[in-house]
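The structure under discussion appears below in the form of structure tokens.
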Amino acid sequence: MKVVRADKLSLLKKIFFVDLIKGLLLTFGYQRPSRNYTEQYPKVRPKVAERYRGAPRLNNDPADGSTLCIACNLCALACPEYCIEVGWDRSDEGKKVLTTFTFDISRCMFCGLCEDACPTPCLELTQDFELALYGRRDMKWDRQKLEQGHQPVIYTR
Amino acid sequence: MDFFVDYILEPGVKIGVIVLVLPLLVGYLVLMERKFIAFMQVRLGPMRVGPHGLLQPIADALKLMLKEDIVPRGADRLIFIMAPVVALVPAFIVLSVIPFGPSITVPVPEALAWPPQFVEREVPLFITDLNIGVLFILAVSSIGVLGIILAGWASNSKYPLLGALRSAAQMVSYEVALGFSIIGVLLLAGSLSLVDIVNAQAGDGHWFVLYQPVAFVIFWICGVAETNRAPFDLPEAESELVAGFHTEYSGFRWSLFFLAEYAAMIVVASLMVTLFFGGWLAPFGLTLLPQSLAGIEGAFWFSAKLLFFIYSYIWFRASWPRYRYDQLMSVGWKVLLPIAIANVVLTAILVLFLEG
């Protein structure tokens, strides 16, 4: 190890508190409001990344409000945790029609494979991140809840 | 009637104002400290109670008053209860000789007549002008140490006792260098009265900080150490130890210690302003208000200077790491004390030759 010897300059530095004053100036500069890092979270909501994967949602056709899901079951097959269950019926023309859709967010790891597998713009992992709930039973989301989308309580200033 | 106004009414009102205002001031001092430390740590500090946390001190005071009052089973009950008062009272008493400003004129009812006849009355902005003011302050503020020792001993617990010993040792040993740094100023002013010291600094460029820079730096350092604040806060270093001498205290009694500590901060800062920065005198002969309002302007300048030094305490706390205990003692005895004595000797020689 290199030993740093005290020379005359460092004695002068000590007498005039040079290093201490440097420290003071550093902390003084941090007081600028623009440097502030705190988020006032429930009052001011943070902006999450554009590709953030949060609460799932089943999108409806904005034109007529009917579901965009074609009950192809690809999402359920893609899911590594098997947390999606799709229920369907046959219509008179023999077309698959969605009846139930269950999404268990307690098992979901938000990998987004279901979203990728979906051939229509129906299943989407939204940017909602407030997924705390009171019990496990609340974590199995049915079709109605999924189509409505997650609605967290919004606090305002 | 004159006796009543001079010796009972006027001091009574002033004492009442100080006793009422000081706890409030301390509360907002704590808020100021929390806020500025938060800013220096890139945080926001208290924001929830009132706009920007402005009502936080009131919420804190309410919380402390409502908390359970615990006296440990093995504690010496009487001394345990007495100790916070012993620590608090000197800090309040000392404020009685600190001049916050020159005189203001106030209308006072002349006699107990109806309708009251008002008379213009000169009211100085200090409770009393003792001719031994500085000596009085040093003597009375030393009693505060006694409160700390009593608290540590009466708690009947190891941590408070050790903390109290360390606090007391630190306060006593830094008081020596503090006293010597004041002597330089006293030699220049030729008086122990704080009002005389301020008046001796009147005129352009006569603040004693210009004549006594070394004494000022020593006083500043010792003042921080005297009040047990960072970087000398090791008796109650909250990141390393349990709380020090007030470990066993809770609720209102604890807040009395807290009040004493912050009142001591205000006292040391105002002493610094009075001794070295011309008290209520305006810097560079600046006068903002007409002569009739000189008292208010003086009080303004005094508080502005006071705030700067209190801010400096907070600034130090946010910036510098804590001393080790042996370093603390060796700095106090081996560095500050010899420099302070040398400063006194030098000042005495210079005063003798230049003025004599």
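Letters for chains follow the order of the structure tokens (A, B, ...), residue numbers begin at 1 for each chain, and ligand numbers begin at 1 in the order shown.
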Exercise. Residues of chain A no more than 10 Å from chain B, counting only C-alpha atoms: send them over as a PyMOL selection string.
Key: chain A and resi 20-40
Quiz item: Near Lys158 (chain B), within 12 Å and counting only C-alpha atoms, which residues show up once chain neighbours fewer than 5 positions away are dropped, as a VMD selection string?
Solution: chain B and resid 75 151 to 153 163 to 165 242 to 248
Quiz item: What is the CA of Ile310 (chain B) to CA of Ile266 (chain B) distance in Å?
Solution: 7.3 Å
Residues flagged alpha helix (DSSP H) by DSSP in region 108-250 of chain B, as a short mmCIF file (atom, residue, chain, number, x, y, z; two decimals) with N, CA, C and O atoms, in the first residue's frame:
```cif
data_model
loop_
_atom_site.label_atom_id
_atom_site.label_comp_id
_atom_site.auth_asym_id
_atom_site.auth_seq_id
_atom_site.Cartn_x
_atom_site.Cartn_y
_atom_site.Cartn_z
N GLY B 133 -23.46 39.67 31.81
CA GLY B 133 -24.26 38.80 30.94
C GLY B 133 -23.57 37.55 30.47
O GLY B 133 -24.10 36.44 30.60
N VAL B 134 -22.35 37.69 29.94
CA VAL B 134 -21.66 36.53 29.37
C VAL B 134 -21.35 35.51 30.45
O VAL B 134 -21.55 34.30 30.27
N LEU B 135 -20.89 36.02 31.58
CA LEU B 135 -20.58 35.13 32.71
C LEU B 135 -21.83 34.38 33.15
O LEU B 135 -21.81 33.17 33.39
N PHE B 136 -22.94 35.12 33.20
CA PHE B 136 -24.23 34.53 33.60
C PHE B 136 -24.60 33.39 32.64
O PHE B 136 -25.01 32.32 33.06
N ILE B 137 -24.43 33.66 31.34
CA ILE B 137 -24.79 32.63 30.36
C ILE B 137 -23.95 31.39 30.55
O ILE B 137 -24.45 30.25 30.60
N LEU B 138 -22.63 31.58 30.69
CA LEU B 138 -21.75 30.42 30.84
C LEU B 138 -22.09 29.65 32.11
O LEU B 138 -22.11 28.42 32.12
N ALA B 139 -22.39 30.40 33.19
CA ALA B 139 -22.68 29.74 34.46
C ALA B 139 -23.97 28.95 34.39
O ALA B 139 -24.02 27.78 34.76
N VAL B 140 -25.03 29.60 33.88
CA VAL B 140 -26.34 28.96 33.91
C VAL B 140 -26.41 27.80 32.92
O VAL B 140 -26.96 26.75 33.21
N SER B 141 -25.80 27.99 31.73
CA SER B 141 -25.94 26.93 30.73
C SER B 141 -25.18 25.68 31.18
O SER B 141 -25.48 24.59 30.71
N SER B 142 -24.22 25.84 32.10
CA SER B 142 -23.53 24.64 32.60
C SER B 142 -24.44 23.77 33.43
O SER B 142 -24.20 22.58 33.58
N ILE B 143 -25.49 24.36 34.00
CA ILE B 143 -26.41 23.56 34.83
C ILE B 143 -27.12 22.52 33.96
O ILE B 143 -27.48 21.45 34.44
N GLY B 144 -27.28 22.84 32.69
CA GLY B 144 -27.93 21.89 31.79
C GLY B 144 -27.25 20.54 31.78
O GLY B 144 -27.91 19.50 31.66
N VAL B 145 -25.92 20.53 31.94
CA VAL B 145 -25.18 19.27 31.98
C VAL B 145 -25.65 18.42 33.14
O VAL B 145 -25.74 17.19 33.05
N LEU B 146 -25.97 19.11 34.25
CA LEU B 146 -26.42 18.40 35.44
C LEU B 146 -27.69 17.59 35.13
O LEU B 146 -27.82 16.44 35.55
N GLY B 147 -28.60 18.20 34.38
CA GLY B 147 -29.83 17.50 34.01
C GLY B 147 -29.52 16.23 33.25
O GLY B 147 -30.15 15.19 33.48
N ILE B 148 -28.51 16.30 32.39
CA ILE B 148 -28.16 15.12 31.60
C ILE B 148 -27.60 14.02 32.48
O ILE B 148 -27.98 12.85 32.37
N ILE B 149 -26.72 14.41 33.41
CA ILE B 149 -26.14 13.40 34.31
C ILE B 149 -27.22 12.78 35.18
O ILE B 149 -27.28 11.56 35.36
N LEU B 150 -28.12 13.63 35.70
CA LEU B 150 -29.21 13.11 36.53
C LEU B 150 -30.06 12.13 35.75
O LEU B 150 -30.41 11.06 36.25
N ALA B 151 -30.37 12.49 34.50
CA ALA B 151 -31.21 11.62 33.67
C ALA B 151 -30.53 10.28 33.48
O ALA B 151 -31.14 9.22 33.62
N GLY B 152 -29.23 10.31 33.18
CA GLY B 152 -28.51 9.07 32.95
C GLY B 152 -28.44 8.21 34.19
O GLY B 152 -28.61 6.99 34.13
N TRP B 153 -28.24 8.85 35.34
CA TRP B 153 -28.10 8.08 36.56
C TRP B 153 -29.44 7.54 37.04
O TRP B 153 -29.56 6.39 37.45
N ALA B 154 -30.48 8.39 36.95
CA ALA B 154 -31.78 8.00 37.49
C ALA B 154 -32.45 6.90 36.68
O ALA B 154 -33.31 6.20 37.19
N LYS B 158 -27.82 0.76 31.76
CA LYS B 158 -26.44 0.96 31.33
C LYS B 158 -26.31 2.02 30.24
O LYS B 158 -25.48 2.92 30.33
N TYR B 159 -27.13 1.92 29.22
CA TYR B 159 -26.97 2.82 28.09
C TYR B 159 -27.13 4.29 28.46
O TYR B 159 -26.29 5.11 28.10
N PRO B 160 -28.17 4.65 29.20
CA PRO B 160 -28.29 6.06 29.58
C PRO B 160 -27.11 6.54 30.40
O PRO B 160 -26.62 7.64 30.20
N LEU B 161 -26.60 5.67 31.30
CA LEU B 161 -25.49 6.10 32.15
C LEU B 161 -24.26 6.38 31.29
O LEU B 161 -23.62 7.43 31.41
N LEU B 162 -23.95 5.43 30.39
CA LEU B 162 -22.78 5.63 29.53
C LEU B 162 -22.98 6.85 28.64
O LEU B 162 -22.08 7.69 28.48
N GLY B 163 -24.18 6.97 28.09
CA GLY B 163 -24.47 8.11 27.22
C GLY B 163 -24.34 9.42 27.97
O GLY B 163 -23.80 10.40 27.46
N ALA B 164 -24.85 9.42 29.21
CA ALA B 164 -24.79 10.65 30.00
C ALA B 164 -23.35 11.02 30.31
O ALA B 164 -22.96 12.19 30.22
N LEU B 165 -22.53 9.99 30.65
CA LEU B 165 -21.13 10.28 30.95
C LEU B 165 -20.44 10.89 29.73
O LEU B 165 -19.69 11.86 29.83
N ARG B 166 -20.72 10.31 28.57
CA ARG B 166 -20.08 10.82 27.36
C ARG B 166 -20.57 12.22 27.03
O ARG B 166 -19.77 13.10 26.72
N SER B 167 -21.89 12.44 27.13
CA SER B 167 -22.42 13.78 26.87
C SER B 167 -21.80 14.79 27.80
O SER B 167 -21.34 15.86 27.38
N ALA B 168 -21.77 14.44 29.08
CA ALA B 168 -21.29 15.39 30.07
C ALA B 168 -19.81 15.68 29.84
O ALA B 168 -19.39 16.84 29.86
N ALA B 169 -19.02 14.62 29.58
CA ALA B 169 -17.59 14.83 29.36
C ALA B 169 -17.37 15.75 28.16
O ALA B 169 -16.57 16.68 28.20
N GLN B 170 -18.14 15.50 27.11
CA GLN B 170 -18.00 16.32 25.91
C GLN B 170 -18.37 17.77 26.19
O GLN B 170 -17.65 18.70 25.83
N MET B 171 -19.51 17.97 26.86
CA MET B 171 -19.97 19.34 27.08
C MET B 171 -19.03 20.09 27.99
O MET B 171 -18.73 21.26 27.76
N VAL B 172 -18.52 19.40 29.03
CA VAL B 172 -17.63 20.08 29.96
C VAL B 172 -16.32 20.44 29.27
O VAL B 172 -15.81 21.55 29.40
N SER B 173 -15.77 19.50 28.48
CA SER B 173 -14.45 19.80 27.93
C SER B 173 -14.53 20.83 26.81
O SER B 173 -13.59 21.60 26.63
N TYR B 174 -15.63 20.88 26.09
CA TYR B 174 -15.71 21.91 25.05
C TYR B 174 -16.07 23.27 25.62
O TYR B 174 -15.84 24.29 24.98
N GLU B 175 -16.64 23.25 26.83
CA GLU B 175 -16.96 24.53 27.45
C GLU B 175 -15.69 25.33 27.74
O GLU B 175 -15.70 26.57 27.71
N VAL B 176 -14.58 24.63 27.99
CA VAL B 176 -13.33 25.31 28.31
C VAL B 176 -12.86 26.14 27.12
O VAL B 176 -12.61 27.35 27.23
N ALA B 177 -12.78 25.46 25.96
CA ALA B 177 -12.32 26.18 24.77
C ALA B 177 -13.32 27.28 24.39
O ALA B 177 -12.93 28.37 23.95
N LEU B 178 -14.60 26.99 24.59
CA LEU B 178 -15.64 27.99 24.31
C LEU B 178 -15.42 29.24 25.14
O LEU B 178 -15.44 30.37 24.63
N GLY B 179 -15.16 29.04 26.43
CA GLY B 179 -14.94 30.17 27.32
C GLY B 179 -13.74 30.99 26.88
O GLY B 179 -13.80 32.22 26.83
N PHE B 180 -12.65 30.31 26.52
CA PHE B 180 -11.46 31.04 26.10
C PHE B 180 -11.69 31.81 24.81
O PHE B 180 -11.13 32.88 24.61
N SER B 181 -12.50 31.25 23.92
CA SER B 181 -12.73 31.97 22.66
C SER B 181 -13.56 33.22 22.89
O SER B 181 -13.47 34.18 22.13
N ILE B 182 -14.37 33.22 23.95
CA ILE B 182 -15.17 34.42 24.23
C ILE B 182 -14.29 35.53 24.80
O ILE B 182 -14.53 36.71 24.55
N ILE B 183 -13.21 35.14 25.54
CA ILE B 183 -12.40 36.15 26.23
C ILE B 183 -11.84 37.17 25.25
O ILE B 183 -11.77 38.37 25.55
N GLY B 184 -11.44 36.71 24.06
CA GLY B 184 -10.92 37.64 23.07
C GLY B 184 -11.90 38.76 22.77
O GLY B 184 -11.53 39.94 22.72
N VAL B 185 -13.16 38.38 22.60
CA VAL B 185 -14.19 39.38 22.34
C VAL B 185 -14.36 40.31 23.53
O VAL B 185 -14.48 41.54 23.37
N LEU B 186 -14.33 39.73 24.73
CA LEU B 186 -14.52 40.55 25.93
C LEU B 186 -13.41 41.59 26.05
O LEU B 186 -13.64 42.73 26.45
N LEU B 187 -12.17 41.19 25.68
CA LEU B 187 -11.05 42.14 25.74
C LEU B 187 -11.30 43.31 24.81
O LEU B 187 -11.01 44.46 25.13
N LEU B 188 -11.85 43.01 23.62
CA LEU B 188 -12.10 44.08 22.66
C LEU B 188 -13.25 44.97 23.12
O LEU B 188 -13.19 46.20 23.00
N ALA B 189 -14.32 44.33 23.63
CA ALA B 189 -15.49 45.12 24.00
C ALA B 189 -15.30 45.82 25.33
O ALA B 189 -15.87 46.88 25.57
N LEU B 194 -24.01 41.96 27.36
CA LEU B 194 -24.21 41.64 25.95
C LEU B 194 -24.64 42.86 25.16
O LEU B 194 -24.29 43.02 23.99
N VAL B 195 -25.41 43.76 25.80
CA VAL B 195 -25.84 44.96 25.11
C VAL B 195 -24.64 45.86 24.80
O VAL B 195 -24.49 46.39 23.71
N ASP B 196 -23.73 45.97 25.78
CA ASP B 196 -22.53 46.76 25.56
C ASP B 196 -21.68 46.14 24.46
O ASP B 196 -21.06 46.85 23.66
N ILE B 197 -21.62 44.81 24.42
CA ILE B 197 -20.82 44.16 23.39
C ILE B 197 -21.39 44.48 22.02
O ILE B 197 -20.65 44.78 21.07
N VAL B 198 -22.71 44.46 21.89
CA VAL B 198 -23.32 44.80 20.60
C VAL B 198 -23.03 46.25 20.26
O VAL B 198 -22.63 46.58 19.13
N ASN B 199 -23.19 47.15 21.24
CA ASN B 199 -22.96 48.57 20.96
C ASN B 199 -21.50 48.84 20.59
O ASN B 199 -21.22 49.75 19.81
N ALA B 200 -20.58 48.04 21.15
CA ALA B 200 -19.16 48.22 20.82
C ALA B 200 -18.89 47.87 19.36
O ALA B 200 -17.87 48.27 18.80
N PHE B 208 -16.92 41.96 15.48
CA PHE B 208 -15.76 41.33 16.09
C PHE B 208 -15.28 40.12 15.32
O PHE B 208 -14.17 39.64 15.55
N VAL B 209 -16.09 39.62 14.38
CA VAL B 209 -15.61 38.49 13.59
C VAL B 209 -14.41 38.90 12.76
O VAL B 209 -13.52 38.10 12.46
N LEU B 210 -14.33 40.20 12.40
CA LEU B 210 -13.20 40.67 11.61
C LEU B 210 -11.93 40.79 12.45
O LEU B 210 -10.83 40.65 11.95
N TYR B 211 -12.10 41.06 13.76
CA TYR B 211 -10.94 41.18 14.64
C TYR B 211 -10.56 39.84 15.25
O TYR B 211 -9.42 39.64 15.62
N PRO B 213 -11.21 36.36 14.02
CA PRO B 213 -11.68 35.24 13.19
C PRO B 213 -11.37 33.88 13.81
O PRO B 213 -12.19 32.97 13.74
N VAL B 214 -10.20 33.77 14.46
CA VAL B 214 -9.83 32.48 15.04
C VAL B 214 -10.78 32.13 16.18
O VAL B 214 -11.31 31.01 16.26
N ALA B 215 -11.03 33.12 17.02
CA ALA B 215 -11.95 32.89 18.14
C ALA B 215 -13.32 32.51 17.61
O ALA B 215 -14.00 31.64 18.16
N PHE B 216 -13.72 33.16 16.52
CA PHE B 216 -15.04 32.86 15.96
C PHE B 216 -15.12 31.40 15.51
O PHE B 216 -16.08 30.70 15.81
N VAL B 217 -14.08 30.94 14.79
CA VAL B 217 -14.11 29.55 14.30
C VAL B 217 -14.14 28.59 15.49
O VAL B 217 -14.91 27.62 15.50
N ILE B 218 -13.33 28.89 16.51
CA ILE B 218 -13.32 28.01 17.68
C ILE B 218 -14.69 28.02 18.37
O ILE B 218 -15.22 26.98 18.75
N PHE B 219 -15.28 29.22 18.46
CA PHE B 219 -16.60 29.30 19.09
C PHE B 219 -17.63 28.50 18.30
O PHE B 219 -18.47 27.81 18.86
N TRP B 220 -17.53 28.61 16.99
CA TRP B 220 -18.48 27.89 16.13
C TRP B 220 -18.37 26.38 16.37
O TRP B 220 -19.36 25.68 16.59
N ILE B 221 -17.12 25.88 16.32
CA ILE B 221 -16.91 24.44 16.51
C ILE B 221 -17.39 24.02 17.89
O ILE B 221 -18.14 23.04 18.04
N CYS B 222 -16.98 24.78 18.92
CA CYS B 222 -17.35 24.40 20.28
C CYS B 222 -18.85 24.51 20.49
O CYS B 222 -19.42 23.73 21.24
N GLY B 223 -19.47 25.48 19.82
CA GLY B 223 -20.91 25.62 19.94
C GLY B 223 -21.62 24.39 19.41
O GLY B 223 -22.59 23.92 20.01
N VAL B 224 -21.14 23.87 18.30
CA VAL B 224 -21.74 22.64 17.76
C VAL B 224 -21.52 21.49 18.73
O VAL B 224 -22.41 20.68 18.98
N ALA B 225 -20.31 21.42 19.30
CA ALA B 225 -20.01 20.32 20.22
C ALA B 225 -20.79 20.47 21.52
O ALA B 225 -21.25 19.49 22.09
N GLU B 226 -20.96 21.72 21.98
CA GLU B 226 -21.69 21.97 23.21
C GLU B 226 -23.12 21.48 23.13
O GLU B 226 -23.67 20.98 24.09
#
```
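Of the listed residues B:Phe252, B:Phe308, B:Tyr325, B:Trp301, the one whose atoms come nearest to Leu234 (chain B) is B:Tyr325, with distances taken using only C-alpha atoms.
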